[in-house]
>>> print(open('data-v7.cif').read())   # mmCIF, C-alpha atoms
data_structure
loop_
_atom_site.label_atom_id
_atom_site.label_comp_id
_atom_site.auth_asym_id
_atom_site.auth_seq_id
_atom_site.Cartn_x
_atom_site.Cartn_y
_atom_site.Cartn_z
CA MET S 1 -19.06 26.93 -7.33
CA SER S 2 -18.89 24.11 -9.83
CA SER S 3 -15.63 22.25 -10.28
CA THR S 4 -14.07 21.43 -13.59
CA SER S 5 -10.99 19.74 -14.93
CA ASN S 6 -8.28 22.13 -16.09
CA GLU S 7 -4.96 20.48 -16.73
CA GLY S 8 -3.19 23.66 -17.82
CA ASP S 9 -0.31 21.80 -19.44
CA ALA S 10 0.21 24.19 -22.34
CA ALA S 11 2.94 26.79 -22.11
CA ASP S 12 1.68 30.24 -21.20
CA PRO S 13 3.62 33.50 -21.78
CA SER S 14 2.34 34.92 -18.50
CA ILE S 15 4.44 32.32 -16.68
CA ASN S 16 8.15 32.82 -16.17
CA ASP S 17 10.57 29.86 -16.06
CA THR S 18 8.11 27.00 -16.11
CA SER S 19 10.69 24.22 -16.52
CA PRO S 20 12.00 22.98 -13.15
CA SER S 21 15.61 21.91 -13.05
CA SER S 22 16.91 18.70 -11.56
CA SER S 23 19.60 20.78 -9.89
CA SER S 24 17.10 22.30 -7.49
CA PRO S 25 17.17 20.73 -3.99
CA SER S 26 13.59 19.48 -4.14
CA THR S 27 13.55 18.01 -7.62
CA SER S 28 15.50 14.87 -6.74
CA PRO S 29 13.00 12.20 -5.66
CA SER S 30 13.79 10.17 -2.58
CA THR S 31 12.92 7.01 -4.51
CA SER S 32 12.64 6.29 -8.19
CA SER S 33 8.89 5.71 -7.86
CA SER S 34 8.15 8.86 -5.85
CA LYS S 35 5.54 11.20 -7.25
CA SER S 36 6.67 14.69 -8.11
CA TYR S 37 4.27 17.39 -6.88
CA ARG S 38 3.25 20.76 -8.30
CA PHE S 39 2.63 23.41 -5.65
CA GLY S 40 0.76 26.66 -6.20
CA PHE S 41 0.33 29.79 -4.09
CA ILE S 42 -2.53 32.26 -4.43
CA GLY S 43 -1.03 35.26 -2.69
CA CYS S 44 2.67 35.64 -2.10
CA GLY S 45 3.16 37.51 1.15
CA THR S 46 5.48 36.77 4.05
CA ILE S 47 3.95 33.41 5.02
CA ALA S 48 3.48 32.17 1.44
CA SER S 49 7.03 33.03 0.40
CA SER S 50 8.36 31.41 3.57
CA ILE S 51 6.51 28.15 2.87
CA ALA S 52 7.60 28.21 -0.77
CA THR S 53 11.21 28.70 0.30
CA GLY S 54 10.94 25.81 2.75
CA ILE S 55 9.45 23.54 0.10
CA ALA S 56 12.12 24.51 -2.44
CA THR S 57 14.96 23.73 -0.02
CA GLN S 58 13.69 20.46 1.50
CA THR S 59 14.59 17.06 0.08
CA SER S 60 11.98 14.66 1.50
CA ILE S 61 9.26 15.30 -1.12
CA PRO S 62 10.04 15.62 -4.85
CA VAL S 63 8.85 18.94 -6.27
CA GLN S 64 8.13 19.43 -9.95
CA SER S 65 7.27 23.11 -9.77
CA ILE S 66 6.18 25.98 -7.53
CA THR S 67 3.86 28.54 -9.12
CA VAL S 68 3.01 31.79 -7.32
CA THR S 69 0.94 34.84 -8.07
CA GLN S 70 2.84 38.06 -8.52
CA ARG S 71 1.50 39.77 -5.44
CA SER S 72 3.50 40.75 -3.58
CA LYS S 73 5.79 41.64 -6.43
CA GLN S 74 8.90 41.96 -4.29
CA LYS S 75 8.55 38.57 -2.62
CA SER S 76 7.55 36.70 -5.78
CA LYS S 77 10.48 38.24 -7.63
CA GLN S 78 12.88 37.26 -4.84
CA LEU S 79 11.57 33.69 -4.94
CA GLN S 80 12.06 33.40 -8.67
CA GLU S 81 15.53 34.91 -8.54
CA ARG S 82 16.58 32.47 -5.82
CA PHE S 83 14.98 29.38 -7.43
CA PRO S 84 14.85 30.21 -11.16
CA ASP S 85 14.52 26.58 -12.26
CA LEU S 86 11.74 25.76 -9.84
CA VAL S 87 9.62 28.85 -9.18
CA SER S 88 7.30 30.37 -11.77
CA VAL S 89 5.55 33.71 -11.28
CA VAL S 90 2.13 34.23 -12.85
CA LEU S 91 1.94 37.80 -14.06
CA ASP S 92 -1.24 39.84 -13.97
CA VAL S 93 -1.44 40.88 -17.62
CA HIS S 94 -3.79 43.72 -16.72
CA ASP S 95 -1.29 45.26 -14.31
CA ASN S 96 0.55 48.13 -15.98
CA ASP S 97 3.24 48.08 -13.29
CA ASN S 98 4.63 44.69 -14.29
CA ASP S 99 8.42 44.85 -14.43
CA THR S 100 8.70 41.64 -16.45
CA THR S 101 8.20 41.69 -20.23
CA ILE S 102 5.39 39.44 -21.41
CA THR S 103 5.86 37.95 -24.85
CA ASP S 104 2.63 38.44 -26.81
CA THR S 105 2.29 34.92 -28.20
CA ASN S 106 -0.88 33.73 -26.44
CA THR S 107 -3.81 35.80 -27.58
CA ASP S 108 -6.27 33.96 -25.36
CA THR S 109 -4.28 34.94 -22.28
CA ASN S 110 -2.84 38.37 -23.02
CA HIS S 111 -5.90 39.89 -24.65
CA ASN S 112 -8.59 38.12 -22.69
CA HIS S 113 -10.03 40.59 -20.22
CA ASN S 114 -11.48 37.68 -18.24
CA TYR S 115 -8.04 36.19 -17.65
CA ASN S 116 -7.55 35.34 -13.97
CA PRO S 117 -3.94 34.79 -12.79
CA ASN S 118 -5.24 32.88 -9.76
CA GLN S 119 -6.92 30.38 -12.08
CA ASP S 120 -3.65 30.03 -13.95
CA VAL S 121 -1.94 29.04 -10.70
CA ILE S 122 -4.59 26.42 -10.03
CA ASP S 123 -4.36 24.96 -13.54
CA ARG S 124 -0.62 24.43 -13.05
CA SER S 125 -0.76 22.95 -9.54
CA ASP S 126 -1.80 19.88 -7.57
CA ILE S 127 -1.56 21.37 -4.08
CA ILE S 128 -2.85 24.95 -3.76
CA PHE S 129 -2.02 27.15 -0.77
CA LEU S 130 -4.52 29.95 -0.27
CA CYS S 131 -2.74 32.96 1.26
CA VAL S 132 -5.05 35.95 0.85
CA LEU S 133 -6.67 38.34 3.29
CA PRO S 134 -9.69 37.00 5.21
CA GLN S 135 -12.11 39.43 3.59
CA GLN S 136 -10.93 38.33 0.13
CA THR S 137 -11.31 34.58 0.65
CA LYS S 138 -14.91 34.08 -0.48
CA ASP S 139 -14.67 36.22 -3.61
CA VAL S 140 -11.32 34.73 -4.64
CA LEU S 141 -12.52 31.12 -4.31
CA GLN S 142 -15.88 31.65 -5.99
CA GLU S 143 -14.16 33.01 -9.10
CA LEU S 144 -12.08 29.85 -9.52
CA GLN S 145 -12.67 26.41 -10.97
CA PHE S 146 -11.04 23.47 -9.19
CA ASP S 147 -10.63 19.91 -10.38
CA GLN S 148 -12.07 17.56 -7.76
CA THR S 149 -9.96 14.67 -9.04
CA LYS S 150 -6.55 16.26 -8.47
CA HIS S 151 -6.67 19.51 -6.50
CA GLU S 152 -6.02 19.82 -2.77
CA LEU S 153 -6.72 23.20 -1.14
CA VAL S 154 -4.74 24.29 1.94
CA SER S 155 -5.92 27.53 3.51
CA LEU S 156 -3.53 29.72 5.46
CA VAL S 157 -6.10 32.49 5.71
CA VAL S 158 -5.86 34.09 9.14
CA SER S 159 -6.10 37.72 10.13
CA TYR S 160 -2.45 37.85 11.21
CA ASP S 161 -1.25 36.86 7.72
CA ASP S 162 0.32 40.30 7.58
CA LEU S 163 1.36 39.97 11.26
CA LEU S 164 -1.41 42.23 12.56
CA PHE S 165 -2.10 39.97 15.53
CA PRO S 166 1.51 39.64 16.70
CA PHE S 167 1.97 43.38 16.29
CA PHE S 168 -1.23 44.10 18.19
CA LEU S 169 -0.32 41.62 20.91
CA SER S 170 3.20 42.98 21.27
CA ILE S 171 1.78 46.43 21.99
CA VAL S 172 -0.84 45.15 24.44
CA LEU S 173 1.36 42.62 26.21
CA SER S 174 4.49 44.72 26.50
CA PHE S 175 2.49 47.60 27.98
CA TYR S 176 0.37 45.36 30.16
CA LEU S 177 3.24 43.34 31.56
CA SER S 178 5.82 46.09 31.96
CA PHE S 179 3.76 48.17 34.41
CA TYR S 180 5.77 51.20 33.31
CA VAL S 181 2.81 52.52 31.38
CA ARG S 182 -0.80 51.67 32.14
CA LEU S 183 -2.80 50.10 29.33
CA ASN S 184 -5.01 52.80 27.82
CA THR S 185 -7.62 51.40 25.47
CA HIS S 186 -8.62 54.94 24.52
CA ASN S 187 -5.17 55.76 23.22
CA THR S 188 -5.40 56.98 19.64
CA HIS S 189 -2.82 54.51 18.33
CA THR S 190 -4.57 51.58 19.98
CA GLN S 191 -7.93 52.75 18.64
CA ILE S 192 -6.60 52.90 15.09
CA LEU S 193 -5.07 49.45 15.34
CA THR S 194 -8.25 48.03 16.86
CA GLN S 195 -10.26 49.49 13.98
CA GLN S 196 -7.93 47.81 11.52
CA ILE S 197 -8.54 44.31 12.89
CA HIS S 198 -12.13 44.69 14.14
CA GLY S 199 -14.69 42.91 12.03
CA ILE S 200 -12.20 40.73 10.14
CA GLN S 201 -13.20 37.08 10.04
CA SER S 202 -10.26 35.36 11.69
CA THR S 203 -10.33 32.13 9.72
CA ALA S 204 -12.40 30.57 6.98
CA THR S 205 -14.03 27.37 8.18
CA LEU S 206 -13.44 24.06 6.44
CA SER S 207 -17.09 23.94 5.41
CA SER S 208 -16.99 27.46 3.92
CA LEU S 209 -13.76 26.65 2.08
CA SER S 210 -15.44 23.58 0.62
CA LYS S 211 -18.58 25.48 -0.34
CA ASP S 212 -16.79 28.45 -1.92
CA SER S 213 -14.26 26.34 -3.83
CA GLY S 214 -16.64 23.62 -4.93
CA LEU S 215 -14.23 21.00 -3.62
CA PRO S 216 -15.47 18.19 -1.37
CA LEU S 217 -14.75 18.62 2.31
CA SER S 218 -12.13 15.87 2.11
CA LYS S 219 -10.10 18.03 -0.29
CA VAL S 220 -9.68 21.08 1.94
CA SER S 221 -7.56 21.69 5.01
CA LYS S 222 -6.23 24.52 7.14
CA MET S 223 -2.68 25.30 8.18
CA ILE S 224 -0.92 27.86 10.36
CA CYS S 225 2.80 28.56 9.88
CA LEU S 226 5.34 31.15 10.99
CA PRO S 227 8.04 32.66 8.75
CA SER S 228 10.66 30.39 10.34
CA VAL S 229 9.30 27.54 8.19
CA ALA S 230 11.53 28.94 5.43
CA ARG S 231 14.54 27.79 7.48
CA HIS S 232 12.87 24.48 8.43
CA GLN S 233 12.31 25.69 11.99
CA GLY S 234 9.23 25.96 14.13
CA VAL S 235 6.12 23.78 14.06
CA CYS S 236 3.21 24.21 11.66
CA LEU S 237 -0.36 23.53 12.73
CA TYR S 238 -2.47 21.41 10.38
CA CYS S 239 -6.18 20.56 10.53
CA TYR S 240 -8.35 18.56 8.15
CA PRO S 241 -11.59 16.51 8.30
CA LYS S 242 -11.12 13.05 9.71
CA SER S 243 -14.49 11.37 9.56
CA LYS S 244 -14.59 7.69 8.57
CA LYS S 245 -16.15 8.57 5.24
CA GLU S 246 -13.46 11.11 4.45
CA GLN S 247 -10.67 8.78 5.54
CA GLN S 248 -11.88 6.21 3.01
CA GLN S 249 -10.99 8.58 0.16
CA SER S 250 -7.46 7.25 -0.31
CA GLN S 251 -6.30 9.81 -2.89
CA SER S 252 -7.04 12.78 -0.62
CA GLN S 253 -5.60 11.01 2.39
CA SER S 254 -2.44 10.33 0.40
CA ALA S 255 -2.09 14.04 -0.36
CA LYS S 256 -2.54 14.92 3.31
CA ASP S 257 -0.04 12.26 4.37
CA MET S 258 2.40 13.81 1.91
CA LEU S 259 1.83 17.26 3.40
CA ILE S 260 2.38 15.92 6.90
CA GLN S 261 5.64 14.32 5.81
CA LEU S 262 6.65 17.48 3.97
CA PHE S 263 6.13 19.86 6.86
CA ASP S 264 7.46 17.39 9.41
CA ASN S 265 10.75 17.69 7.54
CA MET S 266 10.43 21.48 7.45
CA GLY S 267 10.61 21.90 11.22
CA GLY S 268 7.66 19.86 12.39
CA VAL S 269 3.89 19.65 12.13
CA ALA S 270 1.16 19.24 14.74
CA VAL S 271 -2.01 17.65 13.37
CA LEU S 272 -5.11 18.98 15.15
CA PRO S 273 -8.30 16.88 15.22
CA THR S 274 -10.80 19.77 15.09
CA GLU S 275 -11.03 23.40 14.04
CA GLN S 276 -11.64 24.31 17.68
CA ALA S 277 -8.34 22.67 18.63
CA LEU S 278 -6.63 24.57 15.81
CA GLN S 279 -8.01 27.86 17.10
CA SER S 280 -6.64 27.19 20.57
CA ALA S 281 -3.26 26.11 19.22
CA MET S 282 -3.09 29.28 17.11
CA MET S 283 -2.44 31.20 20.32
CA THR S 284 1.09 29.79 20.46
CA THR S 285 1.79 31.40 17.08
CA CYS S 286 0.41 34.72 18.36
CA ILE S 287 3.07 34.81 21.07
CA MET S 288 5.63 35.81 18.45
CA GLY S 289 4.72 39.51 18.70
CA PRO S 290 4.79 39.69 22.51
CA PHE S 291 8.03 37.69 22.50
CA TYR S 292 9.68 40.31 20.31
CA GLY S 293 8.07 43.12 22.30
CA ILE S 294 9.50 41.83 25.57
CA MET S 295 12.95 41.38 24.05
CA LYS S 296 12.81 44.96 22.82
CA ARG S 297 11.92 46.08 26.33
CA ASN S 298 14.91 44.14 27.67
CA ARG S 299 17.23 45.82 25.20
CA ASP S 300 15.81 49.32 25.74
CA TRP S 301 16.01 48.89 29.51
CA LEU S 302 19.67 47.84 29.17
CA LEU S 303 20.48 50.89 27.06
CA VAL S 304 18.74 53.22 29.53
CA GLN S 305 20.63 51.67 32.43
CA GLN S 306 23.93 52.10 30.61
CA GLN S 307 23.14 55.71 29.79
CA GLN S 308 22.31 56.47 33.40
CA GLN S 309 25.46 54.73 34.62
CA GLN S 310 27.55 56.61 32.09
CA GLN S 311 26.11 59.92 33.23
CA GLN S 312 26.82 59.07 36.86
CA GLN S 313 30.40 58.08 36.02
CA GLN S 314 30.91 61.29 34.07
CA GLN S 315 29.63 63.35 36.95
CA ALA S 316 31.88 61.52 39.40
CA ALA S 317 34.87 61.85 37.07
CA ALA S 318 34.18 65.53 36.52
CA ALA S 319 34.06 66.14 40.26
CA ALA S 320 37.29 64.22 40.81
CA ALA S 321 39.10 65.94 37.94
CA GLY S 322 37.92 69.39 38.79
CA ASP S 323 35.68 69.65 35.73
CA ASP S 324 38.59 68.82 33.39
CA ASP S 325 36.70 67.84 30.21
CA ASP S 326 39.81 66.47 28.52
CA ASP S 327 40.32 63.93 31.28
CA ILE S 328 36.67 62.89 31.03
CA ASP S 329 36.77 62.31 27.25
CA ASP S 330 39.91 60.20 27.55
CA ASP S 331 38.42 57.87 30.14
CA ASP S 332 37.82 54.67 28.15
CA ASP S 333 35.99 53.02 31.03
CA ILE S 334 33.25 55.66 30.89
CA ASN S 335 32.58 55.33 27.17
CA ASN S 336 32.93 51.56 27.01
CA THR S 337 29.19 50.72 26.72
CA PHE S 338 27.00 48.69 24.39
CA SER S 339 25.83 50.30 21.19
CA LYS S 340 22.20 49.72 20.22
CA LYS S 341 23.37 47.19 17.64
CA GLU S 342 25.47 45.32 20.19
CA ALA S 343 22.68 45.36 22.78
CA THR S 344 20.19 44.00 20.24
CA LYS S 345 22.51 41.14 19.31
CA LEU S 346 23.20 40.42 22.98
CA ILE S 347 19.51 40.08 23.85
CA LEU S 348 18.73 37.95 20.78
CA LYS S 349 21.65 35.62 21.51
CA GLN S 350 20.69 35.29 25.17
CA TYR S 351 17.10 34.35 24.35
CA LEU S 352 18.29 31.95 21.66
CA GLY S 353 20.54 30.26 24.20
CA MET S 354 17.63 29.83 26.60
CA ILE S 355 15.41 28.29 23.92
CA GLN S 356 18.16 25.98 22.70
CA ASP S 357 18.91 24.82 26.23
CA ALA S 358 15.22 24.14 26.85
CA LEU S 359 14.91 22.14 23.64
CA ARG S 360 18.24 20.29 23.92
CA VAL S 361 17.04 17.62 26.36
CA VAL S 362 13.89 17.00 24.33
CA ASP S 363 15.92 16.56 21.15
CA ASP S 364 18.40 14.27 22.91
CA VAL S 365 15.56 12.07 24.13
CA ASP S 366 13.97 11.97 20.68
CA ASN S 367 17.26 10.70 19.27
CA ASP S 368 17.59 8.01 21.94
CA ASN S 369 15.44 5.13 20.77
CA ASN S 370 16.26 3.11 23.88
CA ASN S 371 14.87 5.66 26.31
CA ASN S 372 11.53 4.53 27.73
CA ASN S 373 10.87 7.80 29.58
CA ASN S 374 10.38 9.97 26.51
CA HIS S 375 6.83 10.89 27.37
CA ASP S 376 7.60 12.02 30.93
CA ILE S 377 10.63 14.08 29.86
CA HIS S 378 8.67 15.84 27.12
CA GLU S 379 5.66 16.38 29.32
CA ASN S 380 7.53 17.88 32.28
CA ARG S 381 10.35 19.75 30.55
CA LEU S 382 9.00 23.22 31.34
CA GLU S 383 8.37 22.32 34.96
CA GLU S 384 11.92 20.99 35.19
CA LEU S 385 13.36 24.20 33.79
CA ILE S 386 11.48 26.25 36.36
CA ALA S 387 12.52 23.89 39.17
CA GLU S 388 16.15 24.24 38.09
CA GLN S 389 16.15 27.90 39.12
CA THR S 390 18.15 28.22 42.34
CA PRO S 391 15.81 28.77 45.31
CA GLY S 392 16.29 32.35 46.46
CA GLY S 393 18.35 33.06 43.35
CA ILE S 394 17.85 35.92 40.92
CA ASN S 395 15.97 33.95 38.26
CA GLU S 396 13.68 32.33 40.81
CA GLN S 397 12.95 35.73 42.31
CA SER S 398 12.35 37.28 38.87
CA LEU S 399 9.71 34.65 38.10
CA ARG S 400 8.14 35.11 41.52
CA ASN S 401 8.03 38.90 41.08
CA PHE S 402 6.61 38.51 37.59
CA ASP S 403 3.84 36.28 38.94
CA THR S 404 3.20 38.59 41.93
CA LEU S 405 2.69 41.54 39.58
CA GLY S 406 0.17 39.53 37.59
CA GLY S 407 2.37 38.84 34.59
CA LEU S 408 1.45 35.17 34.23
CA ASP S 409 -2.24 35.91 34.74
CA ALA S 410 -1.95 38.64 32.11
CA TYR S 411 -0.78 36.04 29.60
CA ASP S 412 -3.87 33.94 30.33
CA GLN S 413 -6.20 36.92 30.02
CA ILE S 414 -4.68 38.07 26.75
CA MET S 415 -4.72 34.60 25.20
CA ASP S 416 -8.36 34.14 26.28
CA ALA S 417 -9.27 37.50 24.74
CA ILE S 418 -7.56 36.82 21.43
CA LEU S 419 -9.04 33.32 21.25
CA GLN S 420 -12.46 34.93 21.60
CA ARG S 421 -11.47 37.26 18.77
CA ILE S 422 -10.46 34.30 16.60
CA GLN S 423 -13.75 32.56 17.42
CA GLY S 424 -15.65 35.72 16.52
CA THR S 425 -17.35 36.20 19.90
CA THR S 426 -15.56 39.48 20.77
CA ASP S 427 -13.18 41.94 19.13
CA GLY S 428 -10.35 40.68 21.33
CA SER S 429 -9.75 43.92 23.18
CA ILE S 430 -9.07 44.14 26.91
CA GLN S 431 -10.76 46.90 28.84
CA GLU S 432 -8.75 49.09 31.17
CA LYS S 433 -9.18 48.13 34.78
CA THR S 434 -10.51 50.79 37.10
CA PRO S 435 -8.03 51.44 39.96
#
>>> encode(input="data-v7.cif", output="structure tokens")
Amino acid sequence: MSSTSNEGDAADPSINDTSPSSSSPSTSPSTSSSKSYRFGFIGCGTIASSIATGIATQTSIPVQSITVTQRSKQKSKQLQERFPDLVSVVLDVHDNDNDTTITDTNTDTNHNHNYNPNQDVIDRSDIIFLCVLPQQTKDVLQELQFDQTKHELVSLVVSYDDLLFPFFLSIVLSFYLSFYVRLNTHNTHTQILTQQIHGIQSTATLSSLSKDSGLPLSKVSKMICLPSVARHQGVCLYCYPKSKKEQQQSQSQSAKDMLIQLFDNMGGVAVLPTEQALQSAMMTTCIMGPFYGIMKRNRDWLLVQQQQQQQQQQQAAAAAAGDDDDDIDDDDDINNTFSKKEATKLILKQYLGMIQDALRVVDDVDNDNNNNNNHDIHENRLEELIAEQTPGGINEQSLRNFDTLGGLDAYDQIMDAILQRIQGTTDGSIQEKTP
């Protein structure tokens, strides 16, 4: 794909609200000489809209504009409504379902059947985030023309862009770890889900991104984020070429340094030296689904326990009252149980407290510039948390039981399997063990 220079400075009626306002959080530069950046998103799903929200609400990097494609319509519309002076939505003029009126003043755009909204995003951006499905990546990039002198391409193309991996993992892990139900790989639901993700290229390589876009390798990078980036929480994974030749290209390195600073102020960023390291680190982002699945199991177990206890209390009260139903209904102690809403909030708050407690010491050390033991405290924090469990206590026994039942080993097996899926060596499935 040949690259060309497309400044795209002229106003276009397929763009809504193209003039950023200085009132937006990100439009005030940190210094008078700071460069103001134009960000573009090809694809506007959960991850893209989360990153755009994070960029719009941060203050470390000046932002001139954020331009997004209309798909998905709901998320792009929500972005524009929340940041009307900063976010522009490129409409697909060939889409009859557009809910935004397009003023017919640009004949070249509105009546040109070759008009490509993705190209419009590129022409109005400096940093382009690619957020499409894996199977769409090659075709989308090869249809576009990039400017090698100004464009930087950041790919977020992974097969769990629509949270397929976390959803798949939550089913596998919650069933595998709970031991209430044996994992059945021939289950119809599992088969359907496996068919959905089988054969999907997990990530586009840096070399393929460069080849398909026509950009030099030094102008492409890969990133993995979770939706929490919208609230400046969590850590994004970032990978880009770092050869000596590529590092000498100061303009590209400046853009990558800016991105590192940007995402470091949006929760944090871990820079990975190789694509292989990125693939391994991706597994931490895939734990989101199992994490939610286990919390759901905790909540459901709590509700079942309460229901059983309530039934037992009712039976005991009925026997004591001589089957007097009125006395049973008036017993507040029997009916005083968690609702599903209350149980959900309880579990979420409890897990949040555990995470905050685990992170508290690390944050305190980071803020103490005089502490010379930062490395050791960071490195051994998880071991310390485990060691803090009272010997013979309930938490220590829970961990020991979990390990005895194979729970910790199951995590290793599942992460190994999904890493193989990401690398393309297997489909990531785990076969049922023969008793």
>>> residues_around(input="data-v7.cif", residues="region 155-157 of chain S", least_positions_apart="3", cutoff="12 Å", atoms="only C-alpha atoms", output="PyMOL selection string")
chain S and resi 40-48+51+127-138+140-141+152+160-163+200-210+213+219-226+236-240+278+282+422
>>> closest_residue(input="data-v7.cif", among="S:Gln58, S:Gln306, S:Arg124, S:Gln279", to="Val90 (chain S)", atoms="only C-alpha atoms")
S:Arg124
>>> closest_residue(input="data-v7.cif", among="S:Leu272, S:Ala277, S:Val87, S:Met266", to="Val121 (chain S)", atoms="all atoms listed in the file")
S:Val87
>>> atom_distance(input="data-v7.cif", atom1="CA of Gln305 (chain S)", atom2="CA of Phe338 (chain S)")
10.7 Å
>>> atom_distance(input="data-v7.cif", atom1="CA of Gln261 (chain S)", atom2="CA of Ile122 (chain S)")
22.4 Å
>>> residues_around(input="data-v7.cif", residues="Ser65 (chain S)", least_positions_apart="5", cutoff="7 Å", atoms="all atoms listed in the file", output="PyMOL selection string")
chain S and resi 20+38-39+86-87
>>> write_last_selection(input="data-v7.cif", atoms="C-alpha atoms", output="short mmCIF file (atom, residue, chain, number, x, y, z; two decimals), in the frame of the given file")
data_model
loop_
_atom_site.label_atom_id
_atom_site.label_comp_id
_atom_site.auth_asym_id
_atom_site.auth_seq_id
_atom_site.Cartn_x
_atom_site.Cartn_y
_atom_site.Cartn_z
CA PRO S 20 12.00 22.98 -13.15
CA ARG S 38 3.25 20.76 -8.30
CA PHE S 39 2.63 23.41 -5.65
CA LEU S 86 11.74 25.76 -9.84
CA VAL S 87 9.62 28.85 -9.18
#
>>> atom_distance(input="data-v7.cif", atom1="CA of Lys75 (chain S)", atom2="CA of Asp126 (chain S)")
21.9 Å
>>> resolve_selection(input="data-v7.cif", expression="the PyMOL selection byres ((chain S and resi 70) around 6)", output="PyMOL selection string")
chain S and resi 69+71-73+76+89-91
>>> residues_around(input="data-v7.cif", residues="Ile347 (chain S)", least_positions_apart="6", cutoff="12 Å", atoms="all atoms listed in the file", output="NGL selection string")
:S and (291-303 or 338 or 340-341 or 353-354)
>>> resolve_selection(input="data-v7.cif", expression="the PyMOL selection byres ((chain S and resi 283) around 9)", output="PDB file with C-alpha atoms, in the frame of the given file")
ATOM      1  CA  GLN S 279      -8.010  27.860  17.100  1.00  0.00           C
ATOM      2  CA  SER S 280      -6.640  27.190  20.570  1.00  0.00           C
ATOM      3  CA  ALA S 281      -3.260  26.110  19.220  1.00  0.00           C
ATOM      4  CA  MET S 282      -3.090  29.280  17.110  1.00  0.00           C
ATOM      5  CA  THR S 284       1.090  29.790  20.460  1.00  0.00           C
ATOM      6  CA  THR S 285       1.790  31.400  17.080  1.00  0.00           C
ATOM      7  CA  CYS S 286       0.410  34.720  18.360  1.00  0.00           C
ATOM      8  CA  ILE S 287       3.070  34.810  21.070  1.00  0.00           C
ATOM      9  CA  MET S 415      -4.720  34.600  25.200  1.00  0.00           C
ATOM     10  CA  ASP S 416      -8.360  34.140  26.280  1.00  0.00           C
ATOM     11  CA  ILE S 418      -7.560  36.820  21.430  1.00  0.00           C
ATOM     12  CA  LEU S 419      -9.040  33.320  21.250  1.00  0.00           C
TER      13      LEU S 419
END
>>> closest_residue(input="data-v7.cif", among="S:Ser228, S:Gln80, S:Gln119, S:Thr425", to="Ala56 (chain S)", atoms="only C-alpha atoms")
S:Gln80
